[in-house]
Every structure is written in C-alpha cells, then in structure tokens.
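Everything below belongs to run_21.pdb, which stores PDB, C-alpha atoms.
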```
ATOM      1  CA  MET A 269      -2.704  20.025  40.564
ATOM      2  CA  ALA A 270      -3.406  20.698  36.881
ATOM      3  CA  VAL A 271      -5.740  18.452  34.931
ATOM      4  CA  LEU A 272      -4.608  17.443  31.472
ATOM      5  CA  LYS A 273      -7.202  16.547  28.865
ATOM      6  CA  LEU A 274      -6.453  14.377  25.907
ATOM      7  CA  HIS A 275      -8.664  14.920  22.902
ATOM      8  CA  LEU A 276      -9.037  11.821  20.763
ATOM      9  CA  ASP A 277      -9.667  13.951  17.677
ATOM     10  CA  GLU A 278      -5.949  14.738  17.603
ATOM     11  CA  PHE A 279      -5.193  11.131  16.636
ATOM     12  CA  ASP A 280      -7.556  11.243  13.662
ATOM     13  CA  GLU A 281      -5.451  13.792  11.838
ATOM     14  CA  VAL A 282      -3.942  12.531   8.610
ATOM     15  CA  ASP A 283      -0.278  13.433   8.318
ATOM     16  CA  TYR A 284       0.482  11.691   5.044
ATOM     17  CA  ASP A 285      -0.143  12.050   1.335
ATOM     18  CA  LEU A 286      -1.465   9.125  -0.669
ATOM     19  CA  ILE A 287      -0.972   8.509  -4.373
ATOM     20  CA  ALA A 288      -2.862   5.782  -6.232
ATOM     21  CA  ILE A 289      -1.026   4.009  -9.052
ATOM     22  CA  HIS A 290      -2.575   1.820 -11.751
ATOM     23  CA  SER A 291      -0.017  -0.451 -13.418
ATOM     24  CA  SER A 292       0.406  -4.061 -14.444
ATOM     25  CA  LEU A 293       4.072  -4.063 -13.391
ATOM     26  CA  GLU A 294       5.378  -6.294 -10.636
ATOM     27  CA  ASP A 295       6.111  -4.542  -7.336
ATOM     28  CA  TYR A 296       9.889  -4.661  -7.689
ATOM     29  CA  ARG A 297       9.717  -3.226 -11.233
ATOM     30  CA  ILE A 298       7.445  -0.353 -10.312
ATOM     31  CA  SER A 299       9.707   0.368  -7.344
ATOM     32  CA  TYR A 300      12.670   0.527  -9.720
ATOM     33  CA  PHE A 301      10.907   2.956 -12.071
ATOM     34  CA  ILE A 302       9.779   5.150  -9.176
ATOM     35  CA  ASN A 303      13.378   5.257  -7.926
ATOM     36  CA  GLN A 304      14.471   6.401 -11.382
ATOM     37  CA  THR A 305      11.786   9.115 -11.554
ATOM     38  CA  LEU A 306      11.496  10.514  -8.018
ATOM     39  CA  PRO A 307      14.279  11.397  -5.547
ATOM     40  CA  VAL A 308      13.784   8.195  -3.536
ATOM     41  CA  HIS A 309      15.533   4.855  -3.047
ATOM     42  CA  LEU A 310      12.721   2.421  -2.301
ATOM     43  CA  LYS A 311      13.888  -0.974  -1.057
ATOM     44  CA  LYS A 312      11.899  -4.037  -0.127
ATOM     45  CA  SER A 313      11.280  -4.117   3.581
ATOM     46  CA  LYS A 314      11.599  -7.263   5.669
ATOM     47  CA  GLU A 315       8.453  -6.255   7.498
ATOM     48  CA  GLU A 316       5.122  -6.841   5.811
ATOM     49  CA  ILE A 317       1.800  -5.168   6.454
ATOM     50  CA  SER A 318      -0.720  -7.540   7.970
ATOM     51  CA  ILE A 319      -4.453  -7.046   8.167
ATOM     52  CA  LEU A 320      -7.074  -9.318   9.611
ATOM     53  CA  VAL A 321      -9.897 -10.540   7.395
ATOM     54  CA  GLN A 322     -12.603 -13.123   7.970
ATOM     55  CA  GLU A 323     -10.485 -15.937   6.563
ATOM     56  CA  GLY A 324      -7.393 -15.110   8.580
ATOM     57  CA  GLU A 325      -4.449 -12.773   8.207
ATOM     58  CA  ALA A 326      -3.371 -11.199   4.913
ATOM     59  CA  PHE A 327       0.177  -9.990   4.313
ATOM     60  CA  PHE A 328       1.164  -7.177   1.940
ATOM     61  CA  PRO A 329       4.810  -6.602   0.980
ATOM     62  CA  LYS A 330       6.093  -3.067   1.125
ATOM     63  CA  PHE A 331       8.951  -1.044  -0.261
ATOM     64  CA  THR A 332      10.228   1.752   1.969
ATOM     65  CA  TYR A 333      12.600   4.675   1.946
ATOM     66  CA  ASP A 334      13.401   6.789   4.988
ATOM     67  CA  ASP A 335      14.567  10.244   3.884
ATOM     68  CA  GLN A 336      16.445  11.256   7.019
ATOM     69  CA  ILE A 337      17.451  14.651   5.660
ATOM     70  CA  HIS A 338      13.838  15.812   5.265
ATOM     71  CA  ASP A 339      12.335  13.387   7.841
ATOM     72  CA  ILE A 340       9.973  11.911   5.241
ATOM     73  CA  GLN A 341       9.003   8.240   5.077
ATOM     74  CA  TRP A 342       8.011   6.778   1.709
ATOM     75  CA  SER A 343       6.146   3.481   1.340
ATOM     76  CA  LEU A 344       4.999   1.643  -1.768
ATOM     77  CA  VAL A 345       2.376  -1.007  -1.064
ATOM     78  CA  PRO A 346       0.351  -3.209  -3.421
ATOM     79  CA  ASN A 347      -3.390  -2.923  -2.949
ATOM     80  CA  GLN A 348      -4.153  -6.609  -3.381
ATOM     81  CA  THR A 349      -2.772  -9.946  -2.309
ATOM     82  CA  ASP A 350      -3.958 -13.538  -2.341
ATOM     83  CA  ILE A 351      -4.848 -15.426   0.800
ATOM     84  CA  VAL A 352      -5.368 -19.168   1.125
ATOM     85  CA  THR A 353      -8.883 -19.537   2.462
ATOM     86  CA  ALA A 354      -9.268 -23.303   2.769
ATOM     87  CA  ALA A 355      -7.564 -26.576   2.030
ATOM     88  CA  GLN A 356     -10.252 -29.031   1.049
ATOM     89  CA  GLU A 357     -10.410 -32.641  -0.023
ATOM     90  CA  ARG A 358     -12.556 -33.812  -2.877
ATOM     91  CA  ARG A 359     -13.155 -37.219  -4.348
ATOM     92  CA  ASN A 360     -12.681 -37.995  -7.967
ATOM     93  CA  GLY A 361     -13.518 -41.491  -9.234
ATOM     94  CA  LEU A 362     -10.538 -41.947 -11.547
ATOM     95  CA  LEU A 363      -7.872 -40.003  -9.668
ATOM     96  CA  GLY A 364      -8.733 -40.862  -6.086
ATOM     97  CA  THR A 365      -8.603 -37.986  -3.623
ATOM     98  CA  ALA A 366      -7.047 -34.616  -4.261
ATOM     99  CA  ASP A 367      -6.284 -31.691  -1.999
ATOM    100  CA  TRP A 368      -6.873 -28.217  -3.318
ATOM    101  CA  GLU A 369      -6.615 -24.755  -1.940
ATOM    102  CA  VAL A 370      -8.861 -21.788  -2.556
ATOM    103  CA  PHE A 371      -7.174 -18.438  -3.106
ATOM    104  CA  ARG A 372      -9.099 -15.254  -2.453
ATOM    105  CA  LYS A 373      -8.067 -11.719  -3.347
ATOM    106  CA  VAL A 374      -7.810  -9.399  -0.371
ATOM    107  CA  TYR A 375      -7.532  -5.633  -0.761
ATOM    108  CA  LEU A 376      -5.673  -3.249   1.510
ATOM    109  CA  ILE A 377      -8.181  -0.496   0.665
ATOM    110  CA  SER A 378     -11.313  -2.345  -0.380
ATOM    111  CA  GLU A 379     -13.202   0.702  -1.662
ATOM    112  CA  LEU A 380     -10.442   1.328  -4.232
ATOM    113  CA  LYS A 381     -10.206  -2.170  -5.724
ATOM    114  CA  ARG A 382      -8.996  -1.000  -9.123
ATOM    115  CA  VAL A 383      -5.876   0.640  -7.680
ATOM    116  CA  ASP A 384      -2.797  -1.557  -8.015
ATOM    117  CA  TYR A 385      -0.363   0.303  -5.714
ATOM    118  CA  PHE A 386      -0.370   3.057  -3.132
ATOM    119  CA  LEU A 387       2.535   5.406  -2.568
ATOM    120  CA  LYS A 388       2.286   6.755   0.977
ATOM    121  CA  ILE A 389       4.379   9.792   1.886
ATOM    122  CA  GLU A 390       4.494  10.538   5.612
ATOM    123  CA  ASN A 391       5.520  13.887   7.148
ATOM    124  CA  ASN A 392       5.705  15.594   3.768
ATOM    125  CA  HIS A 393       4.367  18.935   5.062
ATOM    126  CA  ASN A 394       4.282  20.209   1.460
ATOM    127  CA  TYR A 395       8.036  19.817   1.036
ATOM    128  CA  PHE A 396       7.400  17.813  -2.142
ATOM    129  CA  SER A 397       4.549  18.947  -4.358
ATOM    130  CA  VAL A 398       2.073  16.089  -4.768
ATOM    131  CA  PRO A 399       0.709  17.331  -8.132
ATOM    132  CA  LYS A 400       4.279  17.570  -9.446
ATOM    133  CA  MET A 401       5.032  14.012  -8.229
ATOM    134  CA  VAL A 402       1.847  12.754  -9.897
ATOM    135  CA  ALA A 403       2.911  14.400 -13.177
ATOM    136  CA  GLU A 404       6.376  12.829 -12.923
ATOM    137  CA  LEU A 405       4.925   9.384 -12.196
ATOM    138  CA  LYS A 406       2.629   9.695 -15.217
ATOM    139  CA  SER A 407       5.743   9.921 -17.380
ATOM    140  CA  ILE A 408       6.578   6.264 -16.612
ATOM    141  CA  ASN A 409       5.513   4.256 -19.664
ATOM    142  CA  ARG A 410       4.023   1.223 -17.905
ATOM    143  CA  ILE A 411       1.898   3.266 -15.494
ATOM    144  CA  SER A 412      -1.560   3.831 -16.920
ATOM    145  CA  THR A 413      -3.004   6.213 -14.321
ATOM    146  CA  VAL A 414      -1.734   8.092 -11.266
ATOM    147  CA  TYR A 415      -3.701  10.400  -8.991
ATOM    148  CA  ALA A 416      -3.726  11.728  -5.460
ATOM    149  CA  VAL A 417      -6.226  10.228  -3.024
ATOM    150  CA  ASP A 418      -7.687  12.087  -0.067
ATOM    151  CA  PRO A 419      -7.179   9.745   2.923
ATOM    152  CA  GLU A 420     -10.048  11.434   4.782
ATOM    153  CA  ASN A 421     -12.519   9.900   2.307
ATOM    154  CA  ILE A 422     -11.300   6.322   2.799
ATOM    155  CA  LYS A 423     -13.326   4.170   5.171
ATOM    156  CA  SER A 424     -10.582   1.589   5.735
ATOM    157  CA  LYS A 425      -7.797   4.132   6.335
ATOM    158  CA  ASN A 426      -6.786   2.229   9.466
ATOM    159  CA  ASN A 427      -5.127  -0.294   7.139
ATOM    160  CA  LEU A 428      -2.728   2.473   6.148
ATOM    161  CA  ILE A 429      -1.318   2.754   9.674
ATOM    162  CA  PHE A 430       1.999   0.969   9.473
TER     163      PHE A 430
END
```
As structure tokens:
Amino acid sequence: MAVLKLHLDEFDEVDYDLIAIHSSLEDYRISYFINQTLPVHLKKSKEEISILVQEGEAFFPKFTYDDQIHDIQWSLVPNQTDIVTAAQERRNGLLGTADWEVFRKVYLISELKRVDYFLKIENNHNYFSVPKMVAELKSINRISTVYAVDPENIKSKNNLIF
C-alpha cells in the first residue's frame, strides 16, 4: 500500500495578484470606474467578508466578477470598515440619560492602513499584465495612487482568503 504525504507548504502558495488603490470615492463609484477602465463587470456581492477582531465581527462589502472565459475571479474590497464596539449609558444632568455607541475603524489589512481598496485577481497566471492594469487604473481621475502589493509580505494575508 502506497503512503501519500501531504506537504502543508503547498497551501501557503499565493495564487492571486493584489493591487492597492488610494481613492476617496465610495465603493460603488470606484467599482463603476474600474468597470469602465478594465475588461471587468464588478457587481456588489450579497456575501460579505467577515473577520474576527477583539470587539466582535467586522464585515467588509465586496464587489466581484467571475470571468468564466479565462477562469479569473476579480474582487474589489474596501480596506476599512466601522464596527460598533459598545453601547453605553451616560448621565447628563439636564438631558437625563443618553445611549451612545462607539465606532471603531477596523482594517482588512492592518499593516496597510492608508490603502482604501484592494483589487484581488485570482488565477491570473500572467494572462493580464499587472503593471499594465496599474497604469490603466492610474488614468482614473479620482484615484490618487495605485500599485501592486506582494501578498507574501503581508502578515494578515489570511484575511484575503475569501
């Protein structure tokens, strides 16, 4: 009987490209401009990305496009979201009691806090040139900076598994 060995290093391989986008646009607007610039049709997904933080669970919306011809999956995800950390009661002499909530910013990739959006391209296998895509995305007026990110250098890359 043959013995099969499974090497865990095979699961650590990164099979996606990651592009960081800096822009003040809302997620639906940046998705629209990316659809106009690149050969994609990003649409808002019903599924959200959830990550666990100390205060609870944070949810990130995502826009996806499944290119079935080339077997490439595109995802646009914001890097930050707000999470309600606590509902507290405080006393105020004139107004009585008031409930208030504390919102905290949570980042999908915490070591890249200045990035507004990530464009994740799975199974690209160099079909689309990443430097060419970066140059095309830079042509969008409301995008200030675009650059490729090496996923191997990200500590919290497990948050990008979705």
message: When the PyMOL selection byres ((chain A and resi 325-333) around 9) is applied to the structure above, which residues does it catch, written out as number ranges by chain?
response: A: 295-296, 299, 308-324, 334-335, 340-351, 374-376
message: Using Å and a single decimal, report how far atom CA of A:Tyr415 sits from atom CA of A:Phe396.
response: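 Going from atom CA of A:Phe396 over to atom CA of A:Tyr415 covers 15.0 Å.
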task: Kindly extract all protein, DNA and RNA residues lying within 9 Å of the coordinates (7.3, 16.7, 6.2) given in the file, considering all atoms listed in the file, and supply them as an MDAnalysis selection string.
output: chainID A and resid 283:284 338:341 389:396
Please define a box with edges along x, y and z of the file around all atoms of stretch 297-308 of chain A given in the file, extend it by 8 Å on each side, and return its centre and edge lengths in Å to one decimal, as JSON.
```
{"center_x": 11.0, "center_y": 4.1, "center_z": -7.8, "size_x": 23.0, "size_y": 30.6, "size_z": 24.5}
```
- request: Enter the distance from atom CA of A:Tyr385 to atom CA of A:Phe371, in Å, rounded to one decimal.
  value: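 Distance between the two atoms: 20.1 Å.
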Selection under test: the PyMOL selection byres ((chain A and resi 287) around 6); residues as a PyMOL selection string: chain A and resi 286+288+386-387+415-417
task: Counting all atoms listed in the file, figure out which residue out of A:Ile337, A:Leu272, A:Leu293, A:Val383 gets nearest to A:Ile411.
output: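 Closest residue, counting all atoms listed in the file: A:Leu293.
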